[in-house]
$ cat upload34.pdb   # PDB, C-alpha atoms
ATOM      1  CA  ALA A   1      11.335  36.525  64.389
ATOM      2  CA  GLN A   2       9.384  36.780  61.181
ATOM      3  CA  SER A   3       5.726  35.941  60.800
ATOM      4  CA  VAL A   4       2.889  36.287  58.352
ATOM      5  CA  ALA A   5      -0.821  36.397  59.055
ATOM      6  CA  GLN A   6      -3.509  35.678  56.508
ATOM      7  CA  PRO A   7      -6.672  36.282  58.504
ATOM      8  CA  GLU A   8      -9.077  34.688  56.043
ATOM      9  CA  ASP A   9      -9.163  30.952  55.413
ATOM     10  CA  GLN A  10     -11.548  31.424  52.503
ATOM     11  CA  VAL A  11     -12.524  34.296  50.239
ATOM     12  CA  ASN A  12     -15.501  34.027  47.921
ATOM     13  CA  VAL A  13     -16.058  36.492  45.108
ATOM     14  CA  ALA A  14     -18.248  36.646  42.038
ATOM     15  CA  GLU A  15     -16.598  36.559  38.648
ATOM     16  CA  GLY A  16     -15.916  40.051  37.375
ATOM     17  CA  ASN A  17     -15.841  41.591  40.835
ATOM     18  CA  PRO A  18     -12.681  42.917  42.461
ATOM     19  CA  LEU A  19     -10.922  40.642  44.899
ATOM     20  CA  THR A  20      -8.687  41.231  47.897
ATOM     21  CA  VAL A  21      -6.715  38.648  49.834
ATOM     22  CA  LYS A  22      -5.299  40.041  53.047
ATOM     23  CA  CYS A  23      -1.818  39.651  54.472
ATOM     24  CA  THR A  24      -0.016  41.278  57.378
ATOM     25  CA  TYR A  25       3.559  40.613  58.353
ATOM     26  CA  SER A  26       6.123  41.062  61.080
ATOM     27  CA  VAL A  27       9.872  41.326  60.589
ATOM     28  CA  SER A  28      12.620  42.916  62.623
ATOM     29  CA  GLY A  29      14.113  44.779  59.658
ATOM     30  CA  ASN A  30      12.872  45.683  56.207
ATOM     31  CA  PRO A  31      10.581  43.124  54.594
ATOM     32  CA  TYR A  32      10.971  41.218  51.386
ATOM     33  CA  LEU A  33       7.377  40.229  50.590
ATOM     34  CA  PHE A  34       5.939  37.681  48.187
ATOM     35  CA  TRP A  35       2.665  36.271  46.946
ATOM     36  CA  TYR A  36       2.423  32.764  45.543
ATOM     37  CA  VAL A  37      -0.474  30.778  44.135
ATOM     38  CA  GLN A  38      -0.922  27.037  44.407
ATOM     39  CA  TYR A  39      -3.234  24.889  42.332
ATOM     40  CA  PRO A  40      -4.239  21.395  43.554
ATOM     41  CA  ASN A  41      -1.320  18.974  43.800
ATOM     42  CA  ARG A  42       1.049  21.537  42.316
ATOM     43  CA  GLY A  43       3.968  23.528  43.610
ATOM     44  CA  LEU A  44       3.977  27.250  44.203
ATOM     45  CA  GLN A  45       3.778  29.717  41.359
ATOM     46  CA  PHE A  46       5.295  33.133  41.893
ATOM     47  CA  LEU A  47       2.881  36.041  41.478
ATOM     48  CA  LEU A  48       4.765  39.104  42.635
ATOM     49  CA  LYS A  49       7.204  40.497  45.137
ATOM     50  CA  TYR A  50       8.064  43.713  46.924
ATOM     51  CA  ILE A  51      11.580  44.700  47.871
ATOM     52  CA  THR A  52      11.691  48.455  47.662
ATOM     53  CA  GLY A  53      10.344  51.262  45.525
ATOM     54  CA  ASP A  54       6.721  51.813  44.562
ATOM     55  CA  ASN A  55       4.288  50.557  47.138
ATOM     56  CA  LEU A  56       1.994  49.188  44.436
ATOM     57  CA  VAL A  57       3.502  46.128  42.849
ATOM     58  CA  LYS A  58       2.107  44.583  39.686
ATOM     59  CA  GLY A  59       2.528  40.897  39.038
ATOM     60  CA  SER A  60       1.401  37.970  36.946
ATOM     61  CA  TYR A  61      -2.147  37.313  35.683
ATOM     62  CA  GLY A  62      -3.324  40.842  36.471
ATOM     63  CA  PHE A  63      -2.648  40.631  40.190
ATOM     64  CA  GLU A  64      -1.188  43.484  42.191
ATOM     65  CA  ALA A  65      -0.364  44.094  45.820
ATOM     66  CA  GLU A  66       0.037  47.192  47.899
ATOM     67  CA  PHE A  67       2.753  47.489  50.485
ATOM     68  CA  ASN A  68       1.669  49.542  53.492
ATOM     69  CA  LYS A  69       4.486  50.007  55.968
ATOM     70  CA  SER A  70       2.429  51.714  58.658
ATOM     71  CA  GLN A  71      -0.115  48.910  58.678
ATOM     72  CA  THR A  72       2.493  46.203  57.971
ATOM     73  CA  SER A  73       0.240  44.870  55.267
ATOM     74  CA  PHE A  74       0.693  43.513  51.764
ATOM     75  CA  HIS A  75      -2.800  42.750  50.491
ATOM     76  CA  LEU A  76      -3.206  41.018  47.141
ATOM     77  CA  LYS A  77      -5.725  42.520  44.750
ATOM     78  CA  LYS A  78      -7.195  42.063  41.320
ATOM     79  CA  PRO A  79      -9.708  44.433  39.708
ATOM     80  CA  SER A  80     -11.790  41.729  38.040
ATOM     81  CA  ALA A  81     -11.747  38.130  39.224
ATOM     82  CA  LEU A  82     -11.815  35.131  36.924
ATOM     83  CA  VAL A  83     -13.073  31.642  37.715
ATOM     84  CA  SER A  84      -9.590  30.402  36.832
ATOM     85  CA  ASP A  85      -8.181  32.483  39.706
ATOM     86  CA  SER A  86      -9.712  29.989  42.137
ATOM     87  CA  ALA A  87      -6.751  28.528  44.032
ATOM     88  CA  LEU A  88      -4.808  28.688  47.269
ATOM     89  CA  TYR A  89      -2.823  31.877  47.831
ATOM     90  CA  PHE A  90       0.161  32.253  50.112
ATOM     91  CA  CYS A  91       1.817  35.390  51.395
ATOM     92  CA  ALA A  92       5.462  35.059  52.459
ATOM     93  CA  VAL A  93       8.104  37.266  54.025
ATOM     94  CA  ARG A  94      11.714  37.405  54.973
ATOM     95  CA  ASP A  95      13.993  40.127  56.269
ATOM     96  CA  ILE A  96      15.921  41.721  53.394
ATOM     97  CA  ASN A  97      19.136  41.598  55.361
ATOM     98  CA  SER A  98      18.722  38.049  56.600
ATOM     99  CA  GLY A  99      20.889  36.381  53.983
ATOM    100  CA  ASN A 100      19.928  32.804  53.244
ATOM    101  CA  THR A 101      17.101  32.524  55.718
ATOM    102  CA  PRO A 102      14.020  30.775  54.403
ATOM    103  CA  LEU A 103      10.749  32.384  53.529
ATOM    104  CA  VAL A 104       8.091  32.307  56.199
ATOM    105  CA  PHE A 105       4.643  31.574  54.829
ATOM    106  CA  GLY A 106       1.174  32.478  55.949
ATOM    107  CA  LYS A 107      -1.344  29.690  56.395
ATOM    108  CA  GLY A 108      -2.875  30.378  53.000
ATOM    109  CA  THR A 109      -6.201  31.721  51.797
ATOM    110  CA  ARG A 110      -8.420  29.733  49.513
ATOM    111  CA  LEU A 111      -9.980  31.931  46.847
ATOM    112  CA  SER A 112     -13.170  30.760  45.211
ATOM    113  CA  VAL A 113     -14.426  32.729  42.234
ATOM    114  CA  ILE A 114     -18.024  31.932  41.382
ATOM    115  CA  ALA A 115     -19.350  32.264  37.859
TER     116      ALA A 115
ATOM    117  CA  GLY B   1      12.879  31.829  33.883
ATOM    118  CA  ALA B   2      14.517  29.682  36.493
ATOM    119  CA  VAL B   3      13.226  26.125  36.679
ATOM    120  CA  VAL B   4      13.283  23.763  39.604
ATOM    121  CA  SER B   5      12.382  20.163  38.928
ATOM    122  CA  GLN B   6      11.161  17.733  41.545
ATOM    123  CA  HIS B   7      10.968  14.004  41.001
ATOM    124  CA  PRO B   8       8.898  11.981  41.506
ATOM    125  CA  SER B   9       5.729  14.042  41.488
ATOM    126  CA  ARG B  10       3.816  11.214  43.109
ATOM    127  CA  VAL B  11       5.040   8.164  44.967
ATOM    128  CA  ILE B  12       3.250   5.409  46.838
ATOM    129  CA  CYS B  13       5.240   3.120  49.070
ATOM    130  CA  LYS B  14       4.746   0.511  51.732
ATOM    131  CA  SER B  15       5.269   1.263  55.373
ATOM    132  CA  GLY B  16       8.856   0.642  56.423
ATOM    133  CA  THR B  17      10.447   1.395  53.085
ATOM    134  CA  SER B  18      12.543   4.430  52.177
ATOM    135  CA  VAL B  19      11.715   6.978  49.514
ATOM    136  CA  LYS B  20      14.034   9.470  47.831
ATOM    137  CA  ILE B  21      12.806  12.753  46.388
ATOM    138  CA  GLU B  22      15.067  14.762  44.096
ATOM    139  CA  CYS B  23      15.145  18.507  43.640
ATOM    140  CA  ARG B  24      17.116  19.879  40.711
ATOM    141  CA  SER B  25      17.783  23.422  39.618
ATOM    142  CA  LEU B  26      17.830  23.090  35.839
ATOM    143  CA  ASP B  27      19.333  26.374  34.713
ATOM    144  CA  PHE B  28      21.129  27.859  37.680
ATOM    145  CA  GLN B  29      23.405  26.872  40.513
ATOM    146  CA  ALA B  30      21.675  26.647  43.839
ATOM    147  CA  THR B  31      24.000  26.974  46.796
ATOM    148  CA  THR B  32      21.005  26.824  49.124
ATOM    149  CA  MET B  33      17.889  24.708  48.919
ATOM    150  CA  PHE B  34      14.958  24.539  51.277
ATOM    151  CA  TRP B  35      12.668  21.604  51.936
ATOM    152  CA  TYR B  36       9.082  22.192  52.993
ATOM    153  CA  ARG B  37       6.278  19.911  54.008
ATOM    154  CA  GLN B  38       2.640  20.727  53.445
ATOM    155  CA  PHE B  39      -0.213  18.957  55.167
ATOM    156  CA  PRO B  40      -3.679  19.028  53.610
ATOM    157  CA  LYS B  41      -5.241  22.467  53.729
ATOM    158  CA  GLN B  42      -2.283  23.836  55.631
ATOM    159  CA  SER B  43       0.652  26.093  54.939
ATOM    160  CA  LEU B  44       4.180  25.154  54.035
ATOM    161  CA  MET B  45       6.263  24.192  57.026
ATOM    162  CA  LEU B  46      10.010  24.475  56.650
ATOM    163  CA  MET B  47      11.770  21.201  57.363
ATOM    164  CA  ALA B  48      15.382  22.043  56.673
ATOM    165  CA  THR B  49      17.818  24.333  54.913
ATOM    166  CA  SER B  50      20.391  22.612  52.750
ATOM    167  CA  ASN B  51      23.683  24.211  51.747
ATOM    168  CA  GLU B  52      25.830  22.598  49.082
ATOM    169  CA  GLY B  53      28.649  20.575  50.537
ATOM    170  CA  SER B  54      27.600  20.867  54.153
ATOM    171  CA  LYS B  55      25.131  19.304  56.533
ATOM    172  CA  ALA B  56      21.558  20.462  56.408
ATOM    173  CA  THR B  57      20.124  22.609  59.158
ATOM    174  CA  TYR B  58      16.915  21.093  60.451
ATOM    175  CA  GLU B  59      14.016  22.935  62.017
ATOM    176  CA  GLN B  60      12.992  22.097  65.528
ATOM    177  CA  GLY B  61      10.910  18.964  65.687
ATOM    178  CA  VAL B  62      12.137  17.539  62.373
ATOM    179  CA  GLU B  63      13.975  14.245  62.796
ATOM    180  CA  LYS B  64      17.214  14.452  60.879
ATOM    181  CA  ASP B  65      17.686  10.680  60.955
ATOM    182  CA  LYS B  66      14.295  10.169  59.413
ATOM    183  CA  PHE B  67      14.446  12.899  56.800
ATOM    184  CA  LEU B  68      17.893  12.632  55.278
ATOM    185  CA  ILE B  69      18.910  15.582  53.162
ATOM    186  CA  ASN B  70      21.875  15.524  50.826
ATOM    187  CA  HIS B  71      23.054  18.495  48.782
ATOM    188  CA  ALA B  72      26.044  17.020  47.014
ATOM    189  CA  SER B  73      26.105  19.332  44.006
ATOM    190  CA  LEU B  74      25.070  22.854  43.116
ATOM    191  CA  THR B  75      22.104  21.610  41.150
ATOM    192  CA  LEU B  76      20.793  18.691  43.170
ATOM    193  CA  SER B  77      19.419  18.151  46.640
ATOM    194  CA  THR B  78      17.709  14.982  47.766
ATOM    195  CA  LEU B  79      15.304  14.253  50.590
ATOM    196  CA  THR B  80      15.105  10.637  51.715
ATOM    197  CA  VAL B  81      12.257   9.618  53.969
ATOM    198  CA  THR B  82      13.590   6.593  55.802
ATOM    199  CA  SER B  83      11.419   3.819  57.197
ATOM    200  CA  ALA B  84       8.334   5.661  56.062
ATOM    201  CA  HIS B  85       5.102   5.443  58.010
ATOM    202  CA  PRO B  86       1.587   6.512  57.056
ATOM    203  CA  GLU B  87       1.960   9.706  59.085
ATOM    204  CA  ASP B  88       4.790  10.726  56.759
ATOM    205  CA  SER B  89       2.280  10.945  53.930
ATOM    206  CA  SER B  90       2.368  14.536  52.802
ATOM    207  CA  PHE B  91       3.216  16.955  50.023
ATOM    208  CA  TYR B  92       6.900  17.825  49.978
ATOM    209  CA  ILE B  93       8.109  20.947  48.169
ATOM    210  CA  CYS B  94      11.641  22.132  47.570
ATOM    211  CA  SER B  95      12.859  25.639  46.910
ATOM    212  CA  ALA B  96      16.186  26.549  45.332
ATOM    213  CA  GLN B  97      17.987  29.852  45.732
ATOM    214  CA  ASN B  98      19.924  31.249  42.785
ATOM    215  CA  PRO B  99      23.111  33.310  43.153
ATOM    216  CA  GLY B 100      21.073  36.507  43.071
ATOM    217  CA  GLY B 101      19.008  35.402  46.043
ATOM    218  CA  GLY B 102      15.864  34.563  44.086
ATOM    219  CA  ARG B 103      13.851  31.635  45.356
ATOM    220  CA  PHE B 104      12.202  29.174  42.985
ATOM    221  CA  PHE B 105       9.913  26.317  43.894
ATOM    222  CA  GLY B 106       9.576  22.817  42.581
ATOM    223  CA  GLU B 107       6.222  21.350  41.611
ATOM    224  CA  GLY B 108       6.081  19.253  44.747
ATOM    225  CA  SER B 109       6.077  15.528  45.461
ATOM    226  CA  ARG B 110       3.091  13.789  46.961
ATOM    227  CA  LEU B 111       4.095  10.878  49.153
ATOM    228  CA  THR B 112       1.540   8.279  50.183
ATOM    229  CA  VAL B 113       2.654   5.616  52.618
ATOM    230  CA  LEU B 114       0.368   2.604  52.839
TER     231      LEU B 114
END

$ encode --input "upload34.pdb" --output "structure tokens"
Amino acid sequence: AQSVAQPEDQVNVAEGNPLTVKCTYSVSGNPYLFWYVQYPNRGLQFLLKYITGDNLVKGSYGFEAEFNKSQTSFHLKKPSALVSDSALYFCAVRDINSGNTPLVFGKGTRLSVIA
Amino acid sequence: GAVVSQHPSRVICKSGTSVKIECRSLDFQATTMFWYRQFPKQSLMLMATSNEGSKATYEQGVEKDKFLINHASLTLSTLTVTSAHPEDSSFYICSAQNPGGGRFFGEGSRLTVL
């Protein structure tokens, strides 16, 4: 079974400071990992994904995430937060070899960037 | 990039009526589509997996007779909430898979049942 844990319901950070949104996962095989962002009453916007290769993945809007196999983590990071980054962030996973199985999402972390 | 369109984005209906939500992949063929439901301040919960030309596979606890899913073409899947009740009020999001395995999400449909 696949699962994703986002341990923080809410993350608050001052504008200009670095931000981290945590995610750990569990899959039986190799993971296919994603981060999505959701603004109020909107669908999900893709930020970045990890399949294989470099552990540090760079994505949209200056976000990046680091895949750590030993810690089964895929934390989302940004060096300097913007107020416009305030939104709901979801980490998702599926097994690379699982074919058409759906993504499994974490519960989401609400990021609030304060000016 | 790949675009998935959901319609309507918002719908308000009376209790007991049925509502249809459409999910279209605009620039690719989607053999598989997924329907999710999102309650306020909660994560996306998978409702069903829809494969073109076959019956949808529903997740445990999802009533297939209440949430009718049709995937009649490679670019369109529909979710019909039958005999809607206030507890069906939610945000419904579809996801379409392209031939390369990429997953793309619609903008969501907010259903309010009065």

$ residues_around --input "upload34.pdb" --residues "stretch 62-75 of chain A" --least-positions-apart "6" --cutoff "8 Å" --atoms "all atoms listed in the file" --output "number ranges by chain"
A: 20-26, 33, 47-48, 50, 55-56

$ interface_residues --input "upload34.pdb" --of "chain B" --to "chain A" --cutoff "12 Å" --atoms "only C-alpha atoms" --output "number ranges by chain"
B: 1-6, 9-10, 30-51, 57-59, 90-111

$ residues_around --input "upload34.pdb" --residues "A:Asp95" --least-positions-apart "5" --cutoff "7 Å" --atoms "all atoms listed in the file" --output "CSV table (one decimal) with C-alpha atoms, keeping the file's coordinate frame"
chain,number,residue,atom,x,y,z
A,27,VAL,CA,9.9,41.3,60.6
A,29,GLY,CA,14.1,44.8,59.7
A,30,ASN,CA,12.9,45.7,56.2
A,31,PRO,CA,10.6,43.1,54.6
A,32,TYR,CA,11.0,41.2,51.4

$ residues_around --input "upload34.pdb" --residues "A:Pro79" --least-positions-apart "3" --cutoff "7 Å" --atoms "only C-alpha atoms" --output "list in words"
Asn17, Pro18 and Leu19 of chain A

$ atom_distance --input "upload34.pdb" --atom1 "atom CA of A:Leu76" --atom2 "atom CA of A:Trp35"
7.6 Å

$ atom_distance --input "upload34.pdb" --atom1 "atom CA of A:Ser3" --atom2 "atom CA of A:Thr52"
19.1 Å

$ resolve_selection --input "upload34.pdb" --expression "the PyMOL selection byres ((chain B and resi 83) around 6)" --output "count of residues only"
5

$ closest_residue --input "upload34.pdb" --among "A:Ser98, A:Ser60, A:Ser112, A:Gln6" --to "A:Leu82" --atoms "only C-alpha atoms"
A:Ser112

$ atom_distance --input "upload34.pdb" --atom1 "atom CA of B:His85" --atom2 "atom CA of B:Cys13"
9.2 Å

$ decode --input "upload34.pdb" --residues "stretch 24-54 of chain B" --atoms "C-alpha atoms" --output "tab-separated table (two decimals), in the first residue's frame"
chain	number	residue	atom	x	y	z
B	24	ARG	CA	-12.44	16.84	-20.81
B	25	SER	CA	-8.86	16.38	-21.91
B	26	LEU	CA	-8.47	19.13	-24.50
B	27	ASP	CA	-5.25	18.20	-26.24
B	28	PHE	CA	-4.59	14.56	-25.52
B	29	GLN	CA	-6.37	11.25	-25.33
B	30	ALA	CA	-7.01	10.07	-21.83
B	31	THR	CA	-7.54	6.34	-21.54
B	32	THR	CA	-7.75	6.69	-17.77
B	33	MET	CA	-9.39	9.37	-15.68
B	34	PHE	CA	-9.64	9.66	-11.94
B	35	TRP	CA	-12.33	11.37	-9.91
B	36	TYR	CA	-11.52	12.85	-6.52
B	37	ARG	CA	-13.58	14.50	-3.85
B	38	GLN	CA	-12.23	17.12	-1.51
B	39	PHE	CA	-13.92	18.18	1.69
B	40	PRO	CA	-13.12	21.57	3.21
B	41	LYS	CA	-9.60	21.75	4.57
B	42	GLN	CA	-9.00	18.12	3.71
B	43	SER	CA	-7.04	16.17	1.16
B	44	LEU	CA	-8.22	14.69	-2.09
B	45	MET	CA	-9.98	11.39	-1.66
B	46	LEU	CA	-10.10	9.11	-4.67
B	47	MET	CA	-13.64	8.17	-5.61
B	48	ALA	CA	-13.14	6.08	-8.71
B	49	THR	CA	-10.88	5.22	-11.61
B	50	SER	CA	-12.47	5.45	-15.03
B	51	ASN	CA	-11.13	3.63	-18.08
B	52	GLU	CA	-12.46	4.47	-21.52
B	53	GLY	CA	-15.06	2.02	-22.70
B	54	SER	CA	-15.33	0.06	-19.48
